[in-house]
file start-v9.csv (CSV, C-alpha atoms and all ligand atoms)
chain,number,residue,atom,x,y,z
O,469,MET,CA,-32.9,-36.4,5.0
O,470,SER,CA,-31.7,-37.3,8.4
O,471,SER,CA,-30.0,-40.6,9.2
O,472,GLY,CA,-31.0,-40.2,12.9
O,473,ARG,CA,-27.5,-39.0,13.5
O,474,TYR,CA,-27.0,-36.2,11.0
O,475,THR,CA,-28.6,-34.7,7.9
O,476,PHE,CA,-27.4,-35.4,4.4
O,477,SER,CA,-28.6,-34.6,1.0
O,478,THR,CA,-30.6,-36.8,-1.4
O,479,ARG,CA,-31.2,-36.5,-5.2
O,480,ASP,CA,-34.6,-35.0,-4.4
O,481,ASP,CA,-33.3,-32.7,-1.7
O,482,PRO,CA,-29.7,-31.8,-2.7
O,483,HIS,CA,-29.5,-28.8,-0.4
O,484,ALA,CA,-30.4,-30.6,2.9
O,485,GLN,CA,-26.9,-30.7,4.2
O,486,ALA,CA,-26.2,-27.1,3.3
O,487,ARG,CA,-29.4,-26.0,5.0
O,488,ALA,CA,-28.3,-27.9,8.2
O,489,ALA,CA,-24.9,-26.3,7.9
O,490,ARG,CA,-26.2,-22.7,7.7
O,491,SER,CA,-28.6,-23.3,10.6
O,492,GLN,CA,-25.5,-23.7,12.8
O,493,PRO,CA,-23.9,-20.7,14.5
O,494,LEU,CA,-20.5,-19.7,13.0
O,495,LEU,CA,-18.7,-20.7,16.2
O,496,LEU,CA,-19.8,-23.9,17.8
O,497,HIS,CA,-18.8,-23.9,21.4
O,498,SER,CA,-21.5,-25.5,23.6
O,499,VAL,CA,-21.0,-28.7,25.6
O,500,GLN,CA,-24.4,-29.8,24.3
O,501,LEU,CA,-22.6,-30.9,21.1
O,502,PHE,CA,-21.0,-33.7,23.1
O,503,ARG,CA,-24.3,-35.5,23.7
O,504,GLU,CA,-23.0,-38.8,22.3
O,505,ILE,CA,-19.9,-38.6,24.6
O,506,PHE,CA,-22.3,-38.1,27.6
O,507,ALA,CA,-24.4,-41.0,26.3
O,508,VAL,CA,-21.3,-43.3,26.6
O,509,ILE,CA,-20.8,-42.1,30.2
O,510,TYR,CA,-24.4,-42.7,31.1
O,511,ARG,CA,-24.3,-46.2,29.5
O,512,THR,CA,-21.3,-47.2,31.6
O,513,ARG,CA,-21.9,-45.4,34.9
O,514,ASP,CA,-24.9,-44.8,37.2
O,515,ILE,CA,-25.5,-41.1,36.8
O,516,HIS,CA,-28.4,-39.6,38.9
O,517,THR,CA,-27.1,-36.3,40.1
O,518,VAL,CA,-25.4,-33.9,37.8
O,519,ILE,CA,-23.6,-30.7,38.9
O,520,GLU,CA,-23.0,-28.4,35.9
O,521,ILE,CA,-20.7,-25.4,36.5
O,522,GLY,CA,-21.3,-22.7,33.9
O,523,VAL,CA,-24.7,-22.8,32.4
O,524,GLU,CA,-24.9,-19.9,29.9
O,525,SER,CA,-28.0,-20.6,27.8
O,526,GLY,CA,-28.9,-23.8,29.7
O,527,MET,CA,-29.1,-25.8,26.5
O,528,ALA,CA,-26.4,-28.2,27.7
O,529,SER,CA,-28.0,-28.6,31.1
O,530,ALA,CA,-31.3,-30.0,29.7
O,531,LEU,CA,-29.7,-33.0,27.9
O,532,HIS,CA,-28.9,-34.7,31.2
O,533,LEU,CA,-32.5,-35.4,32.0
O,534,GLY,CA,-33.0,-37.0,28.6
O,535,LEU,CA,-30.0,-39.3,29.3
O,536,GLY,CA,-31.3,-40.5,32.6
O,537,ALA,CA,-30.3,-38.1,35.3
O,538,SER,CA,-32.9,-37.3,38.0
O,539,ALA,CA,-31.4,-34.0,39.3
O,540,VAL,CA,-29.4,-31.4,37.5
O,541,TYR,CA,-27.9,-28.5,39.5
O,542,GLY,CA,-26.8,-25.7,37.1
O,543,VAL,CA,-24.3,-23.3,38.8
O,544,ASP,CA,-23.9,-19.9,37.3
O,545,PRO,CA,-23.7,-16.4,38.9
O,546,HIS,CA,-25.2,-14.6,35.9
O,547,PRO,CA,-28.1,-16.4,34.4
O,548,ASP,CA,-30.6,-14.4,32.4
O,549,GLY,CA,-34.4,-14.5,32.5
O,550,ASP,CA,-34.6,-17.2,29.7
O,551,VAL,CA,-32.3,-19.5,31.6
O,552,ARG,CA,-34.3,-19.1,34.8
O,553,ALA,CA,-37.5,-19.9,32.8
O,554,ARG,CA,-35.9,-22.9,31.2
O,555,PHE,CA,-34.8,-24.3,34.5
O,556,ALA,CA,-38.2,-23.5,36.2
O,557,ALA,CA,-40.1,-25.3,33.4
O,558,MET,CA,-38.5,-28.7,34.1
O,559,ASP,CA,-38.8,-31.0,37.1
O,560,GLY,CA,-35.4,-32.0,38.4
O,561,MET,CA,-33.6,-28.9,37.1
O,562,HIS,CA,-32.2,-26.6,39.8
O,563,LEU,CA,-30.6,-23.2,39.1
O,564,VAL,CA,-27.9,-22.2,41.6
O,565,GLU,CA,-27.2,-18.5,41.1
O,566,GLN,CA,-23.8,-18.5,42.7
O,567,ALA,CA,-20.2,-18.7,41.7
O,568,SER,CA,-18.2,-21.9,41.7
O,569,PRO,CA,-16.2,-23.3,43.5
O,570,GLN,CA,-17.8,-21.8,46.6
O,571,ALA,CA,-21.3,-23.1,45.5
O,572,LEU,CA,-20.1,-26.7,45.4
O,573,GLU,CA,-20.0,-27.0,49.2
O,574,GLU,CA,-23.7,-26.4,49.5
O,575,LEU,CA,-24.8,-28.9,46.8
O,576,PRO,CA,-25.4,-32.7,47.0
O,577,ILE,CA,-22.4,-34.8,45.9
O,578,GLY,CA,-22.7,-35.4,42.1
O,579,ASP,CA,-22.2,-38.5,40.1
O,580,LEU,CA,-21.2,-36.3,37.2
O,581,TYR,CA,-19.6,-32.9,37.2
O,582,VAL,CA,-19.5,-30.7,34.1
O,583,VAL,CA,-16.9,-28.0,34.6
O,584,ASP,CA,-17.4,-25.2,32.2
O,585,GLY,CA,-17.5,-21.9,34.2
O,586,ASP,CA,-14.6,-19.5,34.6
O,587,HIS,CA,-11.7,-20.9,32.4
O,588,ASN,CA,-8.7,-20.0,34.5
O,589,TYR,CA,-6.1,-21.9,36.6
O,590,SER,CA,-7.2,-20.4,39.9
O,591,VAL,CA,-10.9,-21.4,39.6
O,592,VAL,CA,-10.5,-24.7,37.8
O,593,HIS,CA,-7.7,-25.9,40.1
O,594,ARG,CA,-10.0,-25.2,43.2
O,595,GLU,CA,-13.0,-26.8,41.5
O,596,ILE,CA,-11.1,-30.0,40.4
O,597,SER,CA,-9.3,-30.3,43.8
O,598,TRP,CA,-12.6,-30.0,45.6
O,599,ILE,CA,-14.3,-32.6,43.4
O,600,LEU,CA,-11.4,-35.1,43.6
O,601,ALA,CA,-11.5,-34.7,47.4
O,602,HIS,CA,-15.3,-34.9,48.0
O,603,ALA,CA,-16.6,-36.9,45.0
O,604,PRO,CA,-13.8,-39.3,44.2
O,605,ASN,CA,-16.2,-41.7,42.4
O,606,ALA,CA,-17.7,-39.1,40.1
O,607,VAL,CA,-17.0,-38.7,36.4
O,608,VAL,CA,-15.7,-35.1,35.8
O,609,VAL,CA,-16.2,-33.7,32.4
O,610,THR,CA,-14.2,-30.5,31.8
O,611,HIS,CA,-14.6,-28.3,28.8
O,612,ASP,CA,-12.0,-26.1,27.1
O,613,VAL,CA,-9.0,-28.3,27.7
O,614,LEU,CA,-7.5,-27.5,24.2
O,615,TRP,CA,-6.8,-24.2,22.4
O,616,PRO,CA,-7.3,-21.5,23.5
O,617,CYS,CA,-7.7,-22.1,27.2
O,618,ALA,CA,-5.5,-25.2,27.8
O,619,ARG,CA,-2.4,-23.1,28.6
O,620,ARG,CA,-3.8,-19.6,28.8
O,621,ASP,CA,-6.2,-18.3,31.5
O,622,GLN,CA,-9.5,-16.6,30.6
O,623,TYR,CA,-11.2,-14.4,33.1
O,624,TYR,CA,-15.0,-13.7,33.1
O,625,GLU,CA,-15.4,-10.0,33.6
O,626,PRO,CA,-15.7,-8.4,36.0
O,627,SER,CA,-13.4,-11.0,37.6
O,628,PRO,CA,-13.8,-11.7,41.3
O,629,LEU,CA,-10.3,-13.0,41.5
O,630,ALA,CA,-7.6,-11.3,43.6
O,631,ALA,CA,-4.7,-9.8,41.7
O,632,ASP,CA,-2.4,-12.6,42.9
O,633,ASP,CA,-4.7,-15.2,41.3
O,634,ARG,CA,-4.6,-13.6,37.8
O,635,HIS,CA,-2.0,-13.1,35.2
O,636,ASP,CA,-1.7,-9.8,33.5
O,637,PRO,CA,-5.0,-9.7,31.5
O,638,THR,CA,-5.6,-8.2,28.1
O,639,ASP,CA,-8.6,-7.5,26.0
O,640,ASP,CA,-6.7,-8.8,22.9
O,641,GLY,CA,-7.3,-12.4,21.9
O,642,PRO,CA,-5.3,-15.3,20.5
O,643,THR,CA,-5.2,-16.5,16.9
O,644,VAL,CA,-3.7,-19.7,15.5
O,645,TRP,CA,-1.9,-17.7,12.8
O,646,HIS,CA,0.8,-16.4,15.2
O,647,ASP,CA,1.8,-16.6,18.9
O,648,GLU,CA,1.0,-13.0,19.9
O,649,MET,CA,-2.3,-11.7,21.2
O,650,THR,CA,-4.1,-9.4,18.8
O,651,PRO,CA,-7.3,-7.3,18.7
O,652,ALA,CA,-8.1,-9.3,15.5
O,653,GLY,CA,-8.1,-12.6,17.5
O,654,PHE,CA,-10.6,-14.5,19.6
O,655,VAL,CA,-11.5,-11.6,21.9
O,656,GLY,CA,-14.0,-11.6,24.8
O,657,ALA,CA,-15.5,-8.3,23.7
O,658,GLY,CA,-16.3,-7.3,27.3
O,659,SER,CA,-17.4,-10.8,28.5
O,660,PHE,CA,-13.9,-12.0,29.3
O,661,THR,CA,-10.3,-11.1,29.1
O,662,ALA,CA,-7.3,-13.5,28.7
O,663,ALA,CA,-3.8,-13.8,30.2
O,664,SER,CA,-1.4,-11.8,28.0
O,665,HIS,CA,1.0,-14.7,27.9
O,666,ALA,CA,0.5,-18.4,27.4
O,667,GLY,CA,2.2,-21.3,29.1
O,668,GLY,CA,4.3,-21.4,32.2
O,669,GLU,CA,3.0,-22.2,35.7
O,670,ARG,CA,-0.5,-21.7,37.0
O,671,ASN,CA,-1.8,-20.7,33.6
O,672,GLY,CA,-4.7,-22.4,31.8
O,673,VAL,CA,-7.4,-25.1,32.3
O,674,SER,CA,-5.3,-28.1,31.4
O,675,THR,CA,-2.4,-27.0,33.7
O,676,ALA,CA,-4.9,-26.6,36.5
O,677,ILE,CA,-6.3,-30.2,36.0
O,678,GLU,CA,-2.8,-31.7,35.8
O,679,ASP,CA,-1.7,-29.9,39.0
O,680,ALA,CA,-4.9,-31.0,40.8
O,681,LEU,CA,-4.3,-34.6,39.7
O,682,SER,CA,-0.7,-34.6,40.7
O,683,SER,CA,-1.6,-33.7,44.3
O,684,THR,CA,-4.2,-36.4,44.8
O,685,ASP,CA,-3.9,-40.1,45.6
O,686,GLY,CA,-5.6,-42.6,43.3
O,687,ASP,CA,-5.3,-43.8,39.8
O,688,TRP,CA,-7.1,-41.2,37.7
O,689,ARG,CA,-7.4,-41.2,33.9
O,690,PHE,CA,-7.8,-38.0,31.9
O,691,GLU,CA,-8.9,-38.5,28.4
O,692,ILE,CA,-9.5,-35.7,25.8
O,693,VAL,CA,-12.0,-35.6,23.0
O,694,PRO,CA,-10.3,-33.3,20.5
O,695,ALA,CA,-13.3,-31.4,19.3
O,696,VAL,CA,-15.1,-28.0,20.0
O,697,PHE,CA,-12.2,-26.6,22.2
O,698,GLY,CA,-11.6,-30.0,23.8
O,699,LEU,CA,-13.6,-32.0,26.2
O,700,GLY,CA,-11.7,-33.7,29.1
O,701,VAL,CA,-13.1,-36.8,30.8
O,702,LEU,CA,-11.6,-37.5,34.2
O,703,PHE,CA,-12.4,-40.6,36.1
O,704,ARG,CA,-10.9,-43.1,38.5
O,705,THR,CA,-9.6,-46.3,37.0
O,706,GLY,CA,-9.4,-49.7,38.6
O,707,ASP,CA,-12.8,-51.2,38.1
O,708,ALA,CA,-14.5,-52.9,35.1
O,709,ARG,CA,-16.9,-50.1,34.5
O,710,SER,CA,-14.1,-47.6,34.1
O,711,ALA,CA,-12.3,-49.9,31.7
O,712,THR,CA,-15.5,-50.3,29.7
O,713,MET,CA,-16.0,-46.5,29.6
O,714,SER,CA,-12.4,-45.9,28.5
O,715,ARG,CA,-12.8,-48.4,25.7
O,716,ALA,CA,-16.1,-46.9,24.6
O,717,LEU,CA,-14.6,-43.4,24.6
O,718,ALA,CA,-11.5,-44.4,22.6
O,719,VAL,CA,-13.2,-44.0,19.3
O,720,TYR,CA,-13.4,-40.2,20.1
O,721,THR,CA,-10.4,-39.7,22.3
O,722,GLU,CA,-8.0,-41.4,19.9
O,723,SER,CA,-9.5,-39.9,16.8
O,724,LYS,CA,-6.9,-38.1,14.6
O,725,LEU,CA,-9.7,-37.2,12.3
O,726,LEU,CA,-11.5,-35.2,15.1
O,727,ALA,CA,-8.2,-33.5,16.0
O,728,ALA,CA,-7.5,-32.5,12.4
O,729,LEU,CA,-11.1,-31.2,12.0
O,730,GLU,CA,-10.7,-29.1,15.2
O,731,ASN,CA,-7.4,-27.6,14.2
O,732,ASN,CA,-8.9,-26.8,10.8
O,733,ARG,CA,-12.0,-25.3,12.5
O,734,ILE,CA,-10.0,-22.9,14.8
O,735,ALA,CA,-7.7,-22.0,11.9
O,736,LEU,CA,-10.6,-21.1,9.7
O,737,TYR,CA,-12.5,-19.3,12.5
O,738,THR,CA,-9.5,-17.1,13.5
O,739,GLN,CA,-9.0,-16.4,9.8
O,740,VAL,CA,-12.6,-15.2,9.6
O,741,LEU,CA,-12.1,-13.1,12.7
O,742,GLN,CA,-9.0,-11.5,11.1
O,743,LEU,CA,-11.0,-10.7,7.9
O,744,GLN,CA,-13.9,-9.3,9.9
O,745,TYR,CA,-11.5,-7.1,11.8
O,746,GLU,CA,-9.9,-5.8,8.6
O,747,ALA,CA,-13.3,-5.2,7.0
O,748,ALA,CA,-14.4,-3.2,10.0
O,749,ALA,CA,-11.2,-1.1,9.9
O,750,HIS,CA,-11.6,-0.5,6.2
O,751,ALA,CA,-15.3,0.6,6.8
O,752,ARG,CA,-14.1,3.0,9.5
O,753,ASP,CA,-11.4,4.4,7.1
O,754,SER,CA,-14.0,4.8,4.3
O,755,ASP,CA,-16.4,6.6,6.7
O,756,GLN,CA,-13.6,9.0,7.7
O,757,LEU,CA,-12.7,9.6,4.1
O,758,ALA,CA,-16.3,10.3,3.2
O,759,GLU,CA,-16.6,12.8,6.1
O,760,THR,CA,-13.3,14.6,5.0
O,761,VAL,CA,-14.5,14.7,1.3
O,762,GLN,CA,-17.9,16.2,2.5
O,763,SER,CA,-16.4,18.8,4.7
O,764,GLN,CA,-13.9,19.8,1.9
O,765,ALA,CA,-16.7,20.0,-0.6
O,766,GLN,CA,-18.5,22.5,1.8
O,767,GLN,CA,-15.3,24.6,2.1
O,768,ILE,CA,-14.8,24.7,-1.7
O,769,ALA,CA,-18.5,25.8,-2.1
O,770,THR,CA,-18.0,28.6,0.5
O,771,LEU,CA,-14.8,29.7,-1.2
O,772,GLN,CA,-16.3,29.7,-4.7
O,773,ALA,CA,-19.2,31.8,-3.4
O,774,ALA,CA,-16.7,34.3,-1.8
O,775,LEU,CA,-14.6,34.4,-5.1
O,776,ALA,CA,-17.7,35.0,-7.2
O,777,SER,CA,-18.7,37.9,-4.9
O,778,GLU,CA,-15.1,39.4,-5.0
O,779,ARG,CA,-15.1,39.1,-8.8
O,780,ALA,CA,-18.5,40.9,-9.0
O,781,SER,CA,-17.2,43.8,-6.8
O,782,ALA,CA,-14.0,44.0,-8.8
O,783,ALA,CA,-16.1,44.2,-12.0
O,784,ARG,CA,-18.2,46.9,-10.5
O,785,ALA,CA,-15.1,48.8,-9.4
O,786,ARG,CA,-13.7,48.5,-12.9
O,787,ASP,CA,-16.9,50.0,-14.3
O,788,VAL,CA,-16.8,52.9,-11.8
O,789,ALA,CA,-13.1,53.6,-12.7
O,790,ARG,CA,-13.8,53.4,-16.5
O,791,THR,CA,-16.8,55.9,-16.1
O,792,ALA,CA,-14.7,58.2,-14.0
O,793,SER,CA,-11.8,58.1,-16.4
O,794,SER,CA,-13.9,58.9,-19.5
O,795,SER,CA,-15.7,61.8,-17.7
O,796,THR,CA,-12.3,63.3,-16.7
O,797,LEU,CA,-11.1,63.0,-20.2
O,798,SER,CA,-14.1,64.8,-21.7
O,799,ALA,CA,-14.1,67.4,-19.0
O,800,ASN,CA,-10.4,68.4,-19.3
O,801,ASN,CA,-9.9,67.4,-22.9
O,802,THR,CA,-6.3,66.5,-22.0
O,803,SER,CA,-4.3,63.6,-23.3
O,804,PRO,CA,-5.4,60.2,-22.1
O,805,HIS,CA,-1.9,59.5,-20.8
O,806,ALA,CA,-2.0,62.5,-18.5
O,807,SER,CA,-5.6,61.7,-17.2
O,808,ALA,CA,-5.1,57.9,-16.8
O,809,HIS,CA,-3.7,58.3,-13.3
O,810,PRO,CA,-6.9,57.9,-11.2
O,811,ALA,CA,-8.2,54.9,-13.3
O,812,SER,CA,-4.9,53.1,-13.3
O,813,ALA,CA,-4.6,53.6,-9.5
O,814,ALA,CA,-8.0,52.0,-9.1
O,815,ALA,CA,-7.2,49.1,-11.4
O,816,SER,CA,-3.9,48.6,-9.7
O,817,PHE,CA,-5.7,48.5,-6.3
O,818,LEU,CA,-8.2,46.0,-7.6
O,819,ARG,CA,-5.5,43.8,-9.1
O,820,ARG,CA,-3.7,43.8,-5.7
O,821,ARG,CA,-7.0,43.0,-4.0
O,822,LEU,CA,-7.9,40.2,-6.4
O,823,HIS,CA,-4.4,38.8,-6.1
O,824,PHE,CA,-4.7,38.9,-2.3
O,825,VAL,CA,-8.1,37.2,-2.4
O,826,LEU,CA,-7.1,34.5,-4.8
O,827,LYS,CA,-3.9,33.9,-2.8
O,828,GLU,CA,-5.9,33.6,0.5
O,829,ARG,CA,-8.2,31.0,-1.2
O,901,LIG,C1,-18.7,-21.1,28.3
O,901,LIG,S1,-20.1,-20.7,29.2
O,901,LIG,C2,-20.9,-22.2,29.6
O,901,LIG,C3,-21.5,-22.8,28.4
O,901,LIG,C4,-22.4,-24.0,28.7
O,901,LIG,N1,-21.8,-24.9,29.7
O,901,LIG,C5,-22.7,-24.7,27.4
O,901,LIG,O1,-21.9,-25.6,27.1
O,901,LIG,O2,-23.6,-24.4,26.8
O,901,LIG,C6,-19.5,-20.2,30.7
O,901,LIG,C7,-20.5,-19.8,31.8
O,901,LIG,O3,-19.8,-19.8,33.0
O,901,LIG,C8,-20.4,-18.8,33.8
O,901,LIG,N2,-19.4,-18.5,34.9
O,901,LIG,C9,-18.4,-17.7,34.9
O,901,LIG,N3,-17.7,-17.8,36.1
O,901,LIG,C10,-18.3,-18.7,36.8
O,901,LIG,C11,-18.1,-19.3,38.1
O,901,LIG,N4,-17.1,-18.9,38.9
O,901,LIG,N5,-19.0,-20.3,38.5
O,901,LIG,C12,-20.0,-20.7,37.7
O,901,LIG,N6,-20.2,-20.2,36.5
O,901,LIG,C13,-19.4,-19.2,36.1
O,901,LIG,C14,-20.6,-17.6,32.9
O,901,LIG,O4,-21.6,-16.8,33.4
O,901,LIG,C15,-21.1,-18.4,31.6
O,901,LIG,O5,-22.5,-18.5,31.6

call {"tool": "encode", "arguments": {"input": "start-v9.csv", "output": "structure tokens", "more": "lines below"}}
Ligand SMILES: C[S@@+](CC[C@H](N)C(=O)[O-])C[C@H]1O[C@@H](n2cnc3c(N)ncnc32)[C@H](O)[C@@H]1O
result
Amino acid sequence: MSSGRYTFSTRDDPHAQARAARSQPLLLHSVQLFREIFAVIYRTRDIHTVIEIGVESGMASALHLGLGASAVYGVDPHPDGDVRARFAAMDGMHLVEQASPQALEELPIGDLYVVDGDHNYSVVHREISWILAHAPNAVVVTHDVLWPCARRDQYYEPSPLAADDRHDPTDDGPTVWHDEMTPAGFVGAGSFTAASHAGGERNGVSTAIEDALSSTDGDWRFEIVPAVFGLGVLFRTGDARSATMSRALAVYTESKLLAALENNRIALYTQVLQLQYEAAAHARDSDQLAETVQSQAQQIATLQAALASERASAARARDVARTASSSTLSANNTSPHASAHPASAAASFLRRRLHFVLKER
């Protein structure tokens, strides 16, 4: 059963919630999950033109037309064919295949900006500074203002940033279980890298927003919805509409429940990543062990065949020696002790040979 807001179970369908749960990806990350937050913004502000930086699948872009926008510009330098098709299929959707912040200059001024592109200080600081200067009446929604990007840069790869604009990057990722980066953490797996250290100056999305705000005039408010990596809502205060929006958002931005669920979510998710990493390492070890066992079994089979062949030749040699000894005895009719010499020499040779062969194996 669905309440119109979410799905829950009934006595006739006790598994409805579980089905809904397993239909979700393991990691929720898209801005489209914040539809109800956007609905508050649309109710309290006039939003016609939306500039969305960082489109990915395009699922989050589409929700704006449903909420009342008339034009959505999705900025992403690397859209795939599905995204192009999704944009092309809807009136009012415009795909801008360029990188932000450069692309912003060529677009109409937006009423709403959704900033969710390259999650690092250099790019976000330039994006927010540009928007505050050119669209001071816009609402600016910024994703990833909590862990892991709040105080640690991420760089989409290959990164177009100059070396001076990047911190020392690593392929390792953060985890909430300790403060060091680890290959068992939240890694970009080729899509992005992260600054190898957290905190300090010019590092992370929230630091970029704070610095951009501190160098602008005006009374700006920056609220955070503490869910799904953190959604920041940035807007100018001072009029009744802003106060209404602030009050309407408070149920989300002041929710300790949401914050606790988010912390629990990232703790569980990074625990899963750790277990997956260990399981993959164990699987690699088992594969290696199986290969070693197989190659040793082949060696043993080869050695056993060689040993059997040596034993057979030794047995043949013993027979030859025995035959030679008995014919010498009967021919010379001398004592066995005197005539044993050739046979015992052959036996002694074979013993040495066998000993050598067995030692070699
Ligand atoms: C986290 S995803 C966006 C997810 C999307 N907003 C959503 O919520 O479903 C980040 C996207 O930003 C794009 N991107 C990376 N650098 C960018 C830049 N400089 N300007 C615009 N988009 C960028 C990437 O190609 C990627 O598709």

call {"tool": "closest_atom_pairs", "arguments": {"input": "start-v9.csv", "of": "range 542-658 of chain O", "to": "range 735-758 of chain O", "cutoff": "6 Å", "atoms": "only C-alpha atoms", "output": "Markdown table"}}
result
| residue | atom | partner | partner_atom | distance |
| --- | --- | --- | --- | --- |
| O:Thr643 | CA | O:Thr738 | CA | 5.5 |
| O:Val644 | CA | O:Ala735 | CA | 5.9 |
| O:Ala652 | CA | O:Gln742 | CA | 5.0 |

call {"tool": "residues_around", "arguments": {"input": "start-v9.csv", "residues": "Ala486 in chain O", "least_positions_apart": "6", "cutoff": "12 Å", "atoms": "only C-alpha atoms", "output": "PyMOL selection string"}}
result
chain O and resi 469+474-478+492

call {"tool": "closest_residue", "arguments": {"input": "start-v9.csv", "among": "O:Val582, O:Ile768, O:Arg619, O:Thr705", "to": "Phe502 in chain O", "atoms": "all atoms listed in the file"}}
result
O:Val582

call {"tool": "closest_atom_pairs", "arguments": {"input": "start-v9.csv", "of": "chain O", "to": "ligand LIG 901 (chain O)", "cutoff": "9 Å", "atoms": "all atoms listed in the file", "output": "tab-separated table"}}
result
residue	atom	partner	partner_atom	distance
O:His497	CA	O:LIG901	O1	6.7
O:Ser498	CA	O:LIG901	O1	3.5
O:Val499	CA	O:LIG901	O1	3.6
O:Gln500	CA	O:LIG901	O1	5.6
O:Leu501	CA	O:LIG901	O1	8.0
O:Glu520	CA	O:LIG901	N1	7.2
O:Ile521	CA	O:LIG901	C12	4.9
O:Gly522	CA	O:LIG901	O3	3.4
O:Val523	CA	O:LIG901	N1	4.5
O:Glu524	CA	O:LIG901	O5	3.3
O:Ser525	CA	O:LIG901	O2	5.9
O:Gly526	CA	O:LIG901	O2	6.1
O:Met527	CA	O:LIG901	O2	5.7
O:Ala528	CA	O:LIG901	O2	4.8
O:Ser529	CA	O:LIG901	N1	7.4
O:Gly542	CA	O:LIG901	C12	8.5
O:Val543	CA	O:LIG901	C12	5.1
O:Asp544	CA	O:LIG901	N6	3.8
O:Pro545	CA	O:LIG901	N6	5.7
O:His546	CA	O:LIG901	O4	4.9
O:Pro547	CA	O:LIG901	O4	6.6
O:Val564	CA	O:LIG901	C12	8.9
O:Glu565	CA	O:LIG901	C12	8.3
O:Gln566	CA	O:LIG901	N5	6.6
O:Ala567	CA	O:LIG901	N5	3.8
O:Ser568	CA	O:LIG901	N5	3.7
O:Pro569	CA	O:LIG901	N4	6.4
O:Gln570	CA	O:LIG901	N4	8.3
O:Ala571	CA	O:LIG901	N5	7.9
O:Val582	CA	O:LIG901	N1	7.6
O:Val583	CA	O:LIG901	N1	7.6
O:Asp584	CA	O:LIG901	N1	5.1
O:Gly585	CA	O:LIG901	O3	3.3
O:Asp586	CA	O:LIG901	N3	3.8
O:His587	CA	O:LIG901	N3	7.7
O:Val591	CA	O:LIG901	N4	6.7
O:Val592	CA	O:LIG901	N4	8.9
O:His611	CA	O:LIG901	O1	8.0
O:Asp612	CA	O:LIG901	C1	8.4
O:Tyr623	CA	O:LIG901	N3	7.9
O:Tyr624	CA	O:LIG901	C9	5.5
O:Glu625	CA	O:LIG901	C9	8.4
O:Ser627	CA	O:LIG901	N3	8.2
O:Pro628	CA	O:LIG901	N4	8.3
O:Ser659	CA	O:LIG901	C14	8.7

call {"tool": "closest_residue", "arguments": {"input": "start-v9.csv", "among": "O:Ile515, O:Val540, O:Ala783, O:Ala618", "to": "Gly667 in chain O", "atoms": "all atoms listed in the file"}}
result
O:Ala618

call {"tool": "atom_distance", "arguments": {"input": "start-v9.csv", "atom1": "CA of Asn605 in chain O", "atom2": "CA of Thr721 in chain O"}}
result
21.0 Å

call {"tool": "closest_residue", "arguments": {"input": "start-v9.csv", "among": "O:Asn731, O:Ala530, O:Gly658, O:Gly706", "to": "Ala557 in chain O", "atoms": "only C-alpha atoms"}}
result
O:Ala530

call {"tool": "closest_residue", "arguments": {"input": "start-v9.csv", "among": "O:Ala539, O:Val701, O:Gly549, O:Thr770", "to": "Trp688 in chain O", "atoms": "only C-alpha atoms"}}
result
O:Val701

call {"tool": "closest_residue", "arguments": {"input": "start-v9.csv", "among": "O:Glu730, O:Pro637, O:Val719, O:Arg487", "to": "Glu504 in chain O", "atoms": "only C-alpha atoms"}}
result
O:Val719

call {"tool": "axis_aligned_box", "arguments": {"input": "start-v9.csv", "around": "range 592-602 of chain O", "padding_each_side": "5 Å", "output": "AutoDock Vina command-line options"}}
result
--center_x -11.5 --center_y -29.9 --center_z 42.9 --size_x 17.6 --size_y 20.4 --size_z 20.2

call {"tool": "residues_near_point", "arguments": {"input": "start-v9.csv", "point": "(-6.2, -6.8, 20.7)", "cutoff": "6 Å", "atoms": "all atoms listed in the file", "output": "ChimeraX atom specification"}}
result
/O:639-641,650-651

call {"tool": "closest_residue", "arguments": {"input": "start-v9.csv", "among": "O:Ser674, O:Ser538, O:Thr712, O:Ser793", "to": "Thr610 in chain O", "atoms": "only C-alpha atoms"}}
result
O:Ser674
